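Visitor: Below is the structure I would like to discuss, written out as structure tokens.
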Amino acid sequence: MKSLYKNLFSSLLKLRMTENEIAKKYSEQEMRCPVHLSIGQEAAAVGVCSNLELQDQVYSTHRCHSHYLAKGGDLRSMISELYGKRSGCCGGRGGSMHLMDPSVGMMLSLPIVASIIPIAVGAALSLKLKKKKNVISVFFGDAAVEEGVFHESANFASLNKLPIVFVCENNKYSCFTKINERQPSEDITRLAKCHNISNLRMNGNNLINVYEKSKMIIQQIKKKPEPFFLQLDTYRHVEHCGPNSDDNLNYRGKSELNNWLKDDPLENFIKFLKGENEYDQKIVNEINDKIMIEINSAFKFAKNDKFPNPASIKKFVYA
Ligand SMILES: Cc1ncc(C[n+]2csc(CCOP(=O)(O)OP(=O)(O)O)c2C)c(N)n1
Ligand SMILES: [Mg+2]
């Protein structure tokens with residue numbers, strides 16, 4: 001297997017296996033932190049982040065597990081954070097919607113919809129003022145563009161030619177409300193166009209395509225700083241928050257659901273590898289085993305870790 005394909009596959013599989021394990025622990029009521037799983041949407045994170053260097057920065061939302069891991073965030077600190085333990089990336093105070101690991105450029109995740117966008121734009125301004133050749137990548141959902149602050153941020157980034165990729169993961173839903181009940185068109189690039197921002201809409205479940213396109217976009221921004229808006233159409237496989245299916249509520253049509261579940265990023269990539277004659281079951285098994293060992297060790301560590309000292313409750317509270 002070519003080393004690029006091996007790296008992409010390992011990264012994709014690690015996200016899927018980690019999310020599945022979190023889902024399991026949550027279902028067994030061993031973990032109580034609410035989790036917005038990225039199962040089904042992982043190719044966006046892997047495709048974009050695989051083109052980023054250590055000093056490039058990522059900002060994310062409530063659905064941040066995949067961005068954190070794809071940027072190289074530490075797995076133990078993530079799982080400990082989900083268990084509310086002191087070795088967690090926020091000392092056990094943040095939970096699943098506040099994942100960060102600045103040592104690898106995973107700067108911040110915030111659950112208030114769209115609130116991360118102006119912060120990422122500020123970071124892009126900082127890079128530009130410091131004449132750094134790095135790029136910011138900010139991930140958000142289709143609902144975030146409905147907040148006014150998205151437009152102020154996009155306008156500012158465009159006007160000041162900031163080095164930022166706006167990555168909009170369009171999974172069609174804001175909780176239970178479909179995009180066509182909220183916006184006049186599912187083509188969200190129309191909102192980039194009105195701010196004079198170069199843009200592209202594509203299927204976000206085809207890892208190799210997302211990887212290749214974002215490679216070009218990121219290289220271009222590094223040569224000549226200016227924002228880019230990338231719309232990646234995708235689908236979440238489980239409920240908005242939690243490990244279960246909520247399709248008994250019938251807010252997602254049966255045929256839509258079946259079509260999107262078949263367009264699975266992991267299955268798609270395996271098909272791609274087979275088509276290229278690059279699929280090697282022995283290597284895949286090795287990758288799988290290595291990831292499982294890492295995941296088991298992270299969960300074991302997190303469970304044995306201590307909760308934060310109650311006496312430290314006021315630490316980090318700004319007076
Ligand atoms: C300002 C604000 N309003 C409402 C919420 C409640 N809320 C949390 S996630 C969410 C839906 C977000 O949808 P989207 O941005 O498309 O991301 P997805 O969950 O689909 O990944 C909402 C409404 C919130 N967190 N922040
Ligand atoms: Mg959405």
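Residue numbering restarts at 1 for every chain of the structure tokens, chains are lettered A, B, ... in their displayed order, and ligands are numbered from 1 as they appear.
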Set the distance at 9 Å and use only C-alpha atoms: which residues neighbour range 36-48 of chain A once local chain neighbours fewer than 4 positions away are removed? I'd like the list as a PyMOL selection string.

Guide: chain A and resi 8+11-12+15-16+19-20+22-23+52+62-71+96-97+137+139+167+169+171+204-215+218+232-243+260-261+263-266

Visitor: Would you list the residues that come within 7 Å of ligand 1? Count only C-alpha atoms and all ligand atoms and give the answer as a ChimeraX atom specification.

Guide: /A:62-63,111-114,140-144,170-175,240

Visitor: Could you take the residues named above and write them with C-alpha atoms, as a PDB file, in the first residue's frame?

Guide:
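Done, and the output landed in part31.pdb:
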ATOM      1  CA  HIS A  62     -19.481  20.631  19.254  1.00  0.00           C
ATOM      2  CA  ARG A  63     -18.793  17.816  16.720  1.00  0.00           C
ATOM      3  CA  PRO A 111     -20.276  24.343  21.127  1.00  0.00           C
ATOM      4  CA  ILE A 112     -22.090  27.640  20.682  1.00  0.00           C
ATOM      5  CA  VAL A 113     -23.021  27.403  16.998  1.00  0.00           C
ATOM      6  CA  ALA A 114     -20.777  29.643  14.819  1.00  0.00           C
ATOM      7  CA  PHE A 140     -18.473  24.129  11.206  1.00  0.00           C
ATOM      8  CA  GLY A 141     -21.875  22.713  10.298  1.00  0.00           C
ATOM      9  CA  ASP A 142     -24.520  23.835   7.828  1.00  0.00           C
ATOM     10  CA  ALA A 143     -26.427  25.641  10.612  1.00  0.00           C
ATOM     11  CA  ALA A 144     -23.499  27.914  11.476  1.00  0.00           C
ATOM     12  CA  ASN A 170     -23.209  20.031   5.353  1.00  0.00           C
ATOM     13  CA  ASN A 171     -24.913  17.029   6.939  1.00  0.00           C
ATOM     14  CA  LYS A 172     -28.270  18.620   5.991  1.00  0.00           C
ATOM     15  CA  TYR A 173     -29.554  18.892   9.548  1.00  0.00           C
ATOM     16  CA  SER A 174     -29.465  21.256  12.449  1.00  0.00           C
ATOM     17  CA  CYS A 175     -30.521  18.732  15.107  1.00  0.00           C
ATOM     18  CA  HIS A 240     -27.480  14.406  16.756  1.00  0.00           C
TER      19      HIS A 240
END

Visitor: Identify all residues of range 30-72 of chain A in helix (DSSP H, G or I) (DSSP on the backbone) and supply them as a ChimeraX atom specification.

Guide: /A:42-49,65-70

Visitor: Report, in Å with one decimal, the straight-line distance from CA of Lys224 in chain A to CA of Ser50 in chain A.

Guide: 20.2 Å

Visitor: Pick out the residues sitting within 8 Å of Ser158 in chain A, and hand them over as an MDAnalysis selection string; count only C-alpha atoms, and ignore anything fewer than 6 positions along from it in its own chain.

Guide: chainID A and resid 195:197 226:227

Visitor: Can I get the selected residues back with C-alpha atoms, as a CSV table (one decimal), in the first residue's frame?

Guide:
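Below is the file selection.csv, written as the result:
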chain,number,residue,atom,x,y,z
A,195,HIS,CA,-18.5,37.8,0.2
A,196,ASN,CA,-16.2,37.4,-2.9
A,197,ILE,CA,-14.7,34.2,-1.4
A,226,GLU,CA,-6.9,34.7,0.9
A,227,PRO,CA,-9.9,32.8,2.3

Visitor: Between CA of Met17 in chain A and CA of Glu53 in chain A, what distance in Å does the model show, to one decimal?

Guide: 24.1 Å

Visitor: Where in range 97-295 of chain A does DSSP assign strand (DSSP E), given as a PyMOL selection string?

Guide: chain A and resi 106-109+136-141+164-170+173-174+177-178+198-203+228-233

Visitor: Between A:Ile283, A:Leu54, A:Ala302, A:Ile164, which is the closest to Ser198 in chain A once you count only C-alpha atoms?

Guide: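 Going through A:Ile283, A:Leu54, A:Ala302, A:Ile164 one by one, the smallest distance to Ser198 in chain A is for A:Ile164.
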
Visitor: For Pro310 in chain A, which residue out of A:Gly148, A:Gly275, A:Pro225, A:Gly92 is the nearest one, using only C-alpha atoms?

Guide: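 Closest candidate: A:Gly92.
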
Visitor: Find the residues around Gly84 in chain A up to 7 Å (only C-alpha atoms counted), leave out those fewer than 3 positions away in its own chain, and share them as a PDB file with N, CA and C atoms, in the first residue's frame.

Guide:
ATOM      1  N   SER A  80      -9.758  10.973  28.376  1.00  0.00           N
ATOM      2  CA  SER A  80      -9.807  11.420  29.778  1.00  0.00           C
ATOM      3  C   SER A  80     -10.754  12.604  29.914  1.00  0.00           C
ATOM      4  N   GLU A  81     -10.738  13.483  28.942  1.00  0.00           N
ATOM      5  CA  GLU A  81     -11.630  14.647  28.977  1.00  0.00           C
ATOM      6  C   GLU A  81     -13.089  14.191  28.928  1.00  0.00           C
ATOM      7  N   GLY A  88      -7.472  15.026  31.306  1.00  0.00           N
ATOM      8  CA  GLY A  88      -8.155  15.448  30.082  1.00  0.00           C
ATOM      9  C   GLY A  88      -7.564  16.734  29.530  1.00  0.00           C
ATOM     10  N   GLY A  92     -10.502  17.958  32.508  1.00  0.00           N
ATOM     11  CA  GLY A  92     -11.780  17.326  32.878  1.00  0.00           C
ATOM     12  C   GLY A  92     -12.917  18.320  33.034  1.00  0.00           C
ATOM     13  N   ARG A  93     -12.662  19.581  32.705  1.00  0.00           N
ATOM     14  CA  ARG A  93     -13.697  20.606  32.891  1.00  0.00           C
ATOM     15  C   ARG A  93     -14.488  20.902  31.624  1.00  0.00           C
ATOM     16  N   GLY A  95     -15.173  18.609  28.657  1.00  0.00           N
ATOM     17  CA  GLY A  95     -15.996  17.577  28.030  1.00  0.00           C
ATOM     18  C   GLY A  95     -15.789  17.515  26.533  1.00  0.00           C
ATOM     19  N   PHE A 307     -10.507  12.177  39.156  1.00  0.00           N
ATOM     20  CA  PHE A 307     -11.295  13.369  38.842  1.00  0.00           C
ATOM     21  C   PHE A 307     -10.525  14.591  39.346  1.00  0.00           C
TER      22      PHE A 307
END
